[in-house]
>>> print(open('protein.txt').read())   # compact mmCIF, C-alpha atoms
# COMPACT_ATOMS: atom_id res chain seq x y z
CA MET A 1 55.64 139.20 -33.01
CA PHE A 2 56.52 142.18 -35.15
CA PHE A 3 59.67 140.84 -36.83
CA THR A 4 60.50 137.28 -37.79
CA HIS A 5 61.71 135.11 -34.93
CA ASP A 6 65.33 135.05 -36.08
CA THR A 7 65.38 138.84 -36.42
CA GLU A 8 64.00 139.32 -32.91
CA VAL A 9 66.48 136.82 -31.45
CA THR A 10 69.37 138.51 -33.23
CA LEU A 11 68.30 142.02 -32.20
CA THR A 12 68.05 140.89 -28.57
CA ALA A 13 71.44 139.16 -28.71
CA THR A 14 73.03 142.17 -30.41
CA ALA A 15 71.72 144.52 -27.71
CA ALA A 16 73.07 142.14 -25.07
CA LEU A 17 76.44 142.08 -26.84
CA VAL A 18 76.61 145.88 -26.97
CA ASN A 19 75.73 146.01 -23.27
CA THR A 20 78.65 143.75 -22.34
CA ALA A 21 80.81 146.86 -22.69
CA GLY A 22 78.54 148.74 -20.30
CA GLY A 23 79.17 151.00 -17.36
CA ASP A 24 79.46 148.07 -14.95
CA GLY A 25 82.83 147.16 -16.40
CA GLU A 26 83.86 144.59 -18.97
CA LEU A 27 81.31 141.77 -19.04
CA LEU A 28 83.40 139.74 -21.51
CA PRO A 29 86.65 139.69 -19.51
CA ASP A 30 87.89 136.38 -20.88
CA LEU A 31 87.25 133.57 -23.32
CA ALA A 32 85.12 131.66 -20.79
CA ALA A 33 82.74 134.64 -20.53
CA LEU A 34 82.50 134.81 -24.33
CA GLU A 35 81.81 131.07 -24.50
CA ALA A 36 79.00 131.50 -21.96
CA PHE A 37 77.59 134.45 -23.93
CA TYR A 38 77.77 132.36 -27.13
CA ALA A 39 75.84 129.55 -25.46
CA THR A 40 73.29 131.81 -23.75
CA TYR A 41 72.30 133.51 -27.01
CA GLN A 42 72.55 130.29 -29.03
CA TRP A 43 74.86 131.55 -31.75
CA THR A 44 75.37 128.95 -34.44
CA GLY A 45 78.51 127.79 -36.14
CA ARG A 46 81.99 127.45 -34.72
CA PRO A 47 82.19 128.47 -31.05
CA PRO A 48 84.85 130.95 -29.91
CA ARG A 49 88.20 129.24 -29.40
CA THR A 50 90.91 131.84 -28.97
CA ASP A 51 91.68 135.19 -27.42
CA ALA A 52 91.65 136.54 -30.97
CA ASP A 53 87.93 135.63 -31.13
CA LEU A 54 87.40 137.48 -27.86
CA HIS A 55 89.23 140.61 -29.04
CA ALA A 56 87.40 140.62 -32.39
CA VAL A 57 84.02 140.43 -30.65
CA ARG A 58 84.99 143.22 -28.24
CA ASP A 59 86.17 145.35 -31.17
CA LEU A 60 82.81 144.85 -32.91
CA ARG A 61 80.74 146.27 -30.05
CA PRO A 62 81.29 150.02 -30.70
CA ARG A 63 80.22 149.61 -34.32
CA LEU A 64 77.08 147.78 -33.27
CA ARG A 65 76.32 150.35 -30.56
CA ARG A 66 76.42 153.06 -33.20
CA LEU A 67 73.36 151.40 -34.77
CA TRP A 68 71.36 152.56 -31.72
CA GLU A 69 72.65 156.12 -31.95
CA ALA A 70 72.65 156.87 -35.66
CA ASP A 71 69.99 158.19 -37.99
CA GLU A 72 68.56 156.00 -40.72
CA ASP A 73 71.07 156.97 -43.41
CA GLU A 74 74.03 156.26 -41.15
CA VAL A 75 72.50 152.95 -40.02
CA VAL A 76 72.19 151.95 -43.68
CA THR A 77 75.83 152.92 -44.28
CA ILE A 78 76.98 150.83 -41.29
CA VAL A 79 74.83 147.85 -42.28
CA ASN A 80 76.05 147.93 -45.87
CA ALA A 81 79.66 148.19 -44.71
CA LEU A 82 79.29 145.22 -42.34
CA LEU A 83 77.73 143.09 -45.07
CA ARG A 84 80.34 144.11 -47.63
CA GLU A 85 83.34 143.64 -45.31
CA GLU A 86 82.25 140.15 -44.35
CA ASN A 87 81.31 139.13 -47.92
CA ALA A 88 77.79 138.25 -46.80
CA LEU A 89 76.00 135.83 -49.09
CA PRO A 90 72.49 135.15 -47.77
CA ARG A 91 71.13 131.63 -47.95
CA LEU A 92 68.15 129.88 -46.42
CA VAL A 93 68.98 127.27 -43.78
CA ARG A 94 67.11 125.09 -41.32
CA HIS A 95 68.72 123.64 -38.21
CA ASP A 96 67.89 122.55 -34.69
CA ASP A 97 64.23 123.42 -34.04
CA TRP A 98 64.27 126.54 -36.22
CA PRO A 99 62.29 126.78 -39.46
CA TYR A 100 63.99 128.15 -42.57
CA HIS A 101 65.75 131.44 -41.92
CA LEU A 102 68.68 133.40 -43.33
CA HIS A 103 72.36 132.87 -42.69
CA ALA A 104 74.84 134.94 -44.61
CA THR A 105 78.23 133.64 -43.49
CA PRO A 106 79.72 130.16 -43.51
CA ASP A 107 79.25 128.22 -40.26
CA ASP A 108 83.01 128.15 -39.77
CA ALA A 109 83.40 131.94 -40.12
CA PRO A 110 84.86 133.67 -37.06
CA LEU A 111 82.30 134.47 -34.40
CA ALA A 112 82.72 138.24 -34.73
CA SER A 113 82.04 137.97 -38.47
CA ARG A 114 78.88 135.95 -37.88
CA MET A 115 77.73 138.39 -35.19
CA ALA A 116 78.37 141.38 -37.44
CA VAL A 117 76.50 139.89 -40.38
CA GLU A 118 73.58 138.58 -38.32
CA ALA A 119 73.21 142.00 -36.69
CA ALA A 120 73.36 143.68 -40.10
CA MET A 121 70.77 141.28 -41.54
CA ALA A 122 68.43 141.97 -38.60
CA LEU A 123 68.90 145.71 -39.08
CA VAL A 124 67.95 145.31 -42.74
CA ASP A 125 64.53 144.16 -41.53
CA VAL A 126 64.29 147.01 -39.01
CA VAL A 127 65.17 149.66 -41.59
CA ARG A 128 62.87 148.19 -44.26
CA ALA A 129 60.00 148.16 -41.76
CA GLY A 130 60.69 151.78 -40.77
CA GLU A 131 61.10 150.68 -37.16
CA LEU A 132 64.44 152.16 -36.07
CA GLY A 133 62.53 153.77 -33.21
CA ARG A 134 62.43 150.33 -31.59
CA LEU A 135 66.18 150.63 -30.95
CA ARG A 136 66.57 152.71 -27.80
CA ILE A 137 68.93 153.76 -25.06
CA CYS A 138 67.74 152.90 -21.51
CA ALA A 139 65.79 155.80 -19.97
CA PHE A 140 67.23 155.27 -16.48
CA PRO A 141 69.65 158.10 -15.61
CA ASP A 142 73.31 157.18 -16.11
CA CYS A 143 72.56 153.70 -17.48
CA GLY A 144 73.42 153.98 -21.17
CA ASN A 145 72.55 150.37 -22.05
CA VAL A 146 70.76 149.72 -25.33
CA LEU A 147 67.48 147.88 -25.72
CA VAL A 148 65.13 146.64 -28.41
CA ASP A 149 61.49 147.51 -27.82
CA LEU A 150 59.53 144.56 -29.15
CA SER A 151 56.34 145.49 -27.28
CA LYS A 152 53.13 146.01 -29.24
CA ASN A 153 52.61 149.53 -27.94
CA ARG A 154 56.27 150.61 -28.18
CA SER A 155 56.36 151.37 -24.46
CA ARG A 156 59.56 149.72 -23.28
CA ARG A 157 61.87 152.31 -21.72
CA PHE A 158 64.35 150.38 -19.63
CA CYS A 159 67.03 147.76 -20.31
CA GLU A 160 67.20 144.34 -18.73
CA ALA A 161 69.77 145.31 -16.08
CA GLY A 162 67.12 146.06 -13.47
CA CYS A 163 66.65 149.69 -14.42
CA GLY A 164 62.86 149.38 -14.59
CA ASN A 165 62.80 148.13 -11.01
CA ARG A 166 65.17 150.88 -9.88
CA ALA A 167 62.97 153.49 -11.56
CA ALA A 168 59.85 152.09 -9.89
CA VAL A 169 61.54 152.09 -6.47
CA SER A 170 62.77 155.67 -7.00
CA ALA A 171 59.29 156.81 -8.00
CA TYR A 172 57.75 155.04 -5.00
CA ARG A 173 60.23 156.65 -2.61
CA ALA A 174 59.64 160.07 -4.16
CA ARG A 175 55.87 159.68 -3.75
CA LYS A 176 56.30 158.51 -0.17
CA ALA A 177 58.61 161.45 0.65
CA ALA A 178 56.16 163.89 -0.97
CA ARG A 179 53.32 162.52 1.21
CA ARG A 180 55.44 162.95 4.33
CA ARG A 181 56.09 166.60 3.42
CA THR A 182 52.38 167.37 3.04
>>> encode(input="protein.txt", output="structure tokens")
Amino acid sequence: MFFTHDTEVTLTATAALVNTAGGDGELLPDLAALEAFYATYQWTGRPPRTDADLHAVRDLRPRLRRLWEADEDEVVTIVNALLREENALPRLVRHDDWPYHLHATPDDAPLASRMAVEAAMALVDVVRAGELGRLRICAFPDCGNVLVDLSKNRSRRFCEAGCGNRAAVSAYRARKAARRRT
């Protein structure tokens, strides 16, 4: 593990959130989808309750995506803005089966606020470690999803939408076609 557990979990959940606005259409079409996303990624605090929660989370995604596209100085600007706008006040907490870790918003804060701050706090660790290179765009042509490379050798190239398998199949077919031609 390169980052702390909560940082890795948040980075993974943030990438998944950004990818819900992907090329396959809107993956958070309604409140039920947001509730399922909330449960899947085990966000803490008040669950989403209204369409306003849904719209706020959708509106957050482009700002979070920018974290994968920006240089270090711009990432720092975005992170600082997210923390400032949400009045983040870090505190150590322990809940469920997690050891002490940081929360920086009240548990009853709106979901989009908690997502923004948790993403910003995780990016603080990434920037401080000089590891922005671990935030990548999927290498599969026309995909555009984001990913977090948490591998030891920094070799992850594809997102979790099956792009690695599609790339392997494409390479296999290309090799097979090349053999037929020779």
>>> residues_near_point(input="protein.txt", point="(82.6, 132.9, -36.8)", cutoff="12 Å", atoms="all atoms listed in the file", output="VMD selection string")
chain A and resid 38 43 to 50 52 to 54 56 to 57 86 103 to 118
>>> write_last_selection(input="protein.txt", atoms="C-alpha atoms", output="PDB file, keeping the file's coordinate frame")
ATOM      1  CA  TYR A  38      77.770 132.360 -27.130  1.00  0.00           C
ATOM      2  CA  TRP A  43      74.860 131.550 -31.750  1.00  0.00           C
ATOM      3  CA  THR A  44      75.370 128.950 -34.440  1.00  0.00           C
ATOM      4  CA  GLY A  45      78.510 127.790 -36.140  1.00  0.00           C
ATOM      5  CA  ARG A  46      81.990 127.450 -34.720  1.00  0.00           C
ATOM      6  CA  PRO A  47      82.190 128.470 -31.050  1.00  0.00           C
ATOM      7  CA  PRO A  48      84.850 130.950 -29.910  1.00  0.00           C
ATOM      8  CA  ARG A  49      88.200 129.240 -29.400  1.00  0.00           C
ATOM      9  CA  THR A  50      90.910 131.840 -28.970  1.00  0.00           C
ATOM     10  CA  ALA A  52      91.650 136.540 -30.970  1.00  0.00           C
ATOM     11  CA  ASP A  53      87.930 135.630 -31.130  1.00  0.00           C
ATOM     12  CA  LEU A  54      87.400 137.480 -27.860  1.00  0.00           C
ATOM     13  CA  ALA A  56      87.400 140.620 -32.390  1.00  0.00           C
ATOM     14  CA  VAL A  57      84.020 140.430 -30.650  1.00  0.00           C
ATOM     15  CA  GLU A  86      82.250 140.150 -44.350  1.00  0.00           C
ATOM     16  CA  HIS A 103      72.360 132.870 -42.690  1.00  0.00           C
ATOM     17  CA  ALA A 104      74.840 134.940 -44.610  1.00  0.00           C
ATOM     18  CA  THR A 105      78.230 133.640 -43.490  1.00  0.00           C
ATOM     19  CA  PRO A 106      79.720 130.160 -43.510  1.00  0.00           C
ATOM     20  CA  ASP A 107      79.250 128.220 -40.260  1.00  0.00           C
ATOM     21  CA  ASP A 108      83.010 128.150 -39.770  1.00  0.00           C
ATOM     22  CA  ALA A 109      83.400 131.940 -40.120  1.00  0.00           C
ATOM     23  CA  PRO A 110      84.860 133.670 -37.060  1.00  0.00           C
ATOM     24  CA  LEU A 111      82.300 134.470 -34.400  1.00  0.00           C
ATOM     25  CA  ALA A 112      82.720 138.240 -34.730  1.00  0.00           C
ATOM     26  CA  SER A 113      82.040 137.970 -38.470  1.00  0.00           C
ATOM     27  CA  ARG A 114      78.880 135.950 -37.880  1.00  0.00           C
ATOM     28  CA  MET A 115      77.730 138.390 -35.190  1.00  0.00           C
ATOM     29  CA  ALA A 116      78.370 141.380 -37.440  1.00  0.00           C
ATOM     30  CA  VAL A 117      76.500 139.890 -40.380  1.00  0.00           C
ATOM     31  CA  GLU A 118      73.580 138.580 -38.320  1.00  0.00           C
TER      32      GLU A 118
END
>>> closest_residue(input="protein.txt", among="A:Ala13, A:Arg156, A:Gln42, A:Arg173", to="Trp98 (chain A)", atoms="all atoms listed in the file")
A:Gln42
>>> residues_around(input="protein.txt", residues="Leu92 (chain A)", least_positions_apart="5", cutoff="8 Å", atoms="only C-alpha atoms", output="PyMOL selection string")
chain A and resi 100-103
>>> atom_distance(input="protein.txt", atom1="CA of Asp59 (chain A)", atom2="CA of Ala16 (chain A)")
14.8 Å
>>> atom_distance(input="protein.txt", atom1="CA of His5 (chain A)", atom2="CA of Ala120 (chain A)")
15.4 Å
>>> residues_around(input="protein.txt", residues="Glu69 (chain A)", least_positions_apart="6", cutoff="12 Å", atoms="all atoms listed in the file", output="list in words")
Pro62, Arg63, Val75, Ile78, Leu132, Gly133, Arg134, Leu135, Arg136, Ile137, Cys138, Gly144, Asn145, Val146 and Leu147 of chain A
>>> atom_distance(input="protein.txt", atom1="CA of Phe140 (chain A)", atom2="CA of Thr12 (chain A)")
18.8 Å
>>> closest_residue(input="protein.txt", among="A:Gly164, A:Glu72, A:Thr4, A:Leu17", to="Ala36 (chain A)", atoms="only C-alpha atoms")
A:Leu17
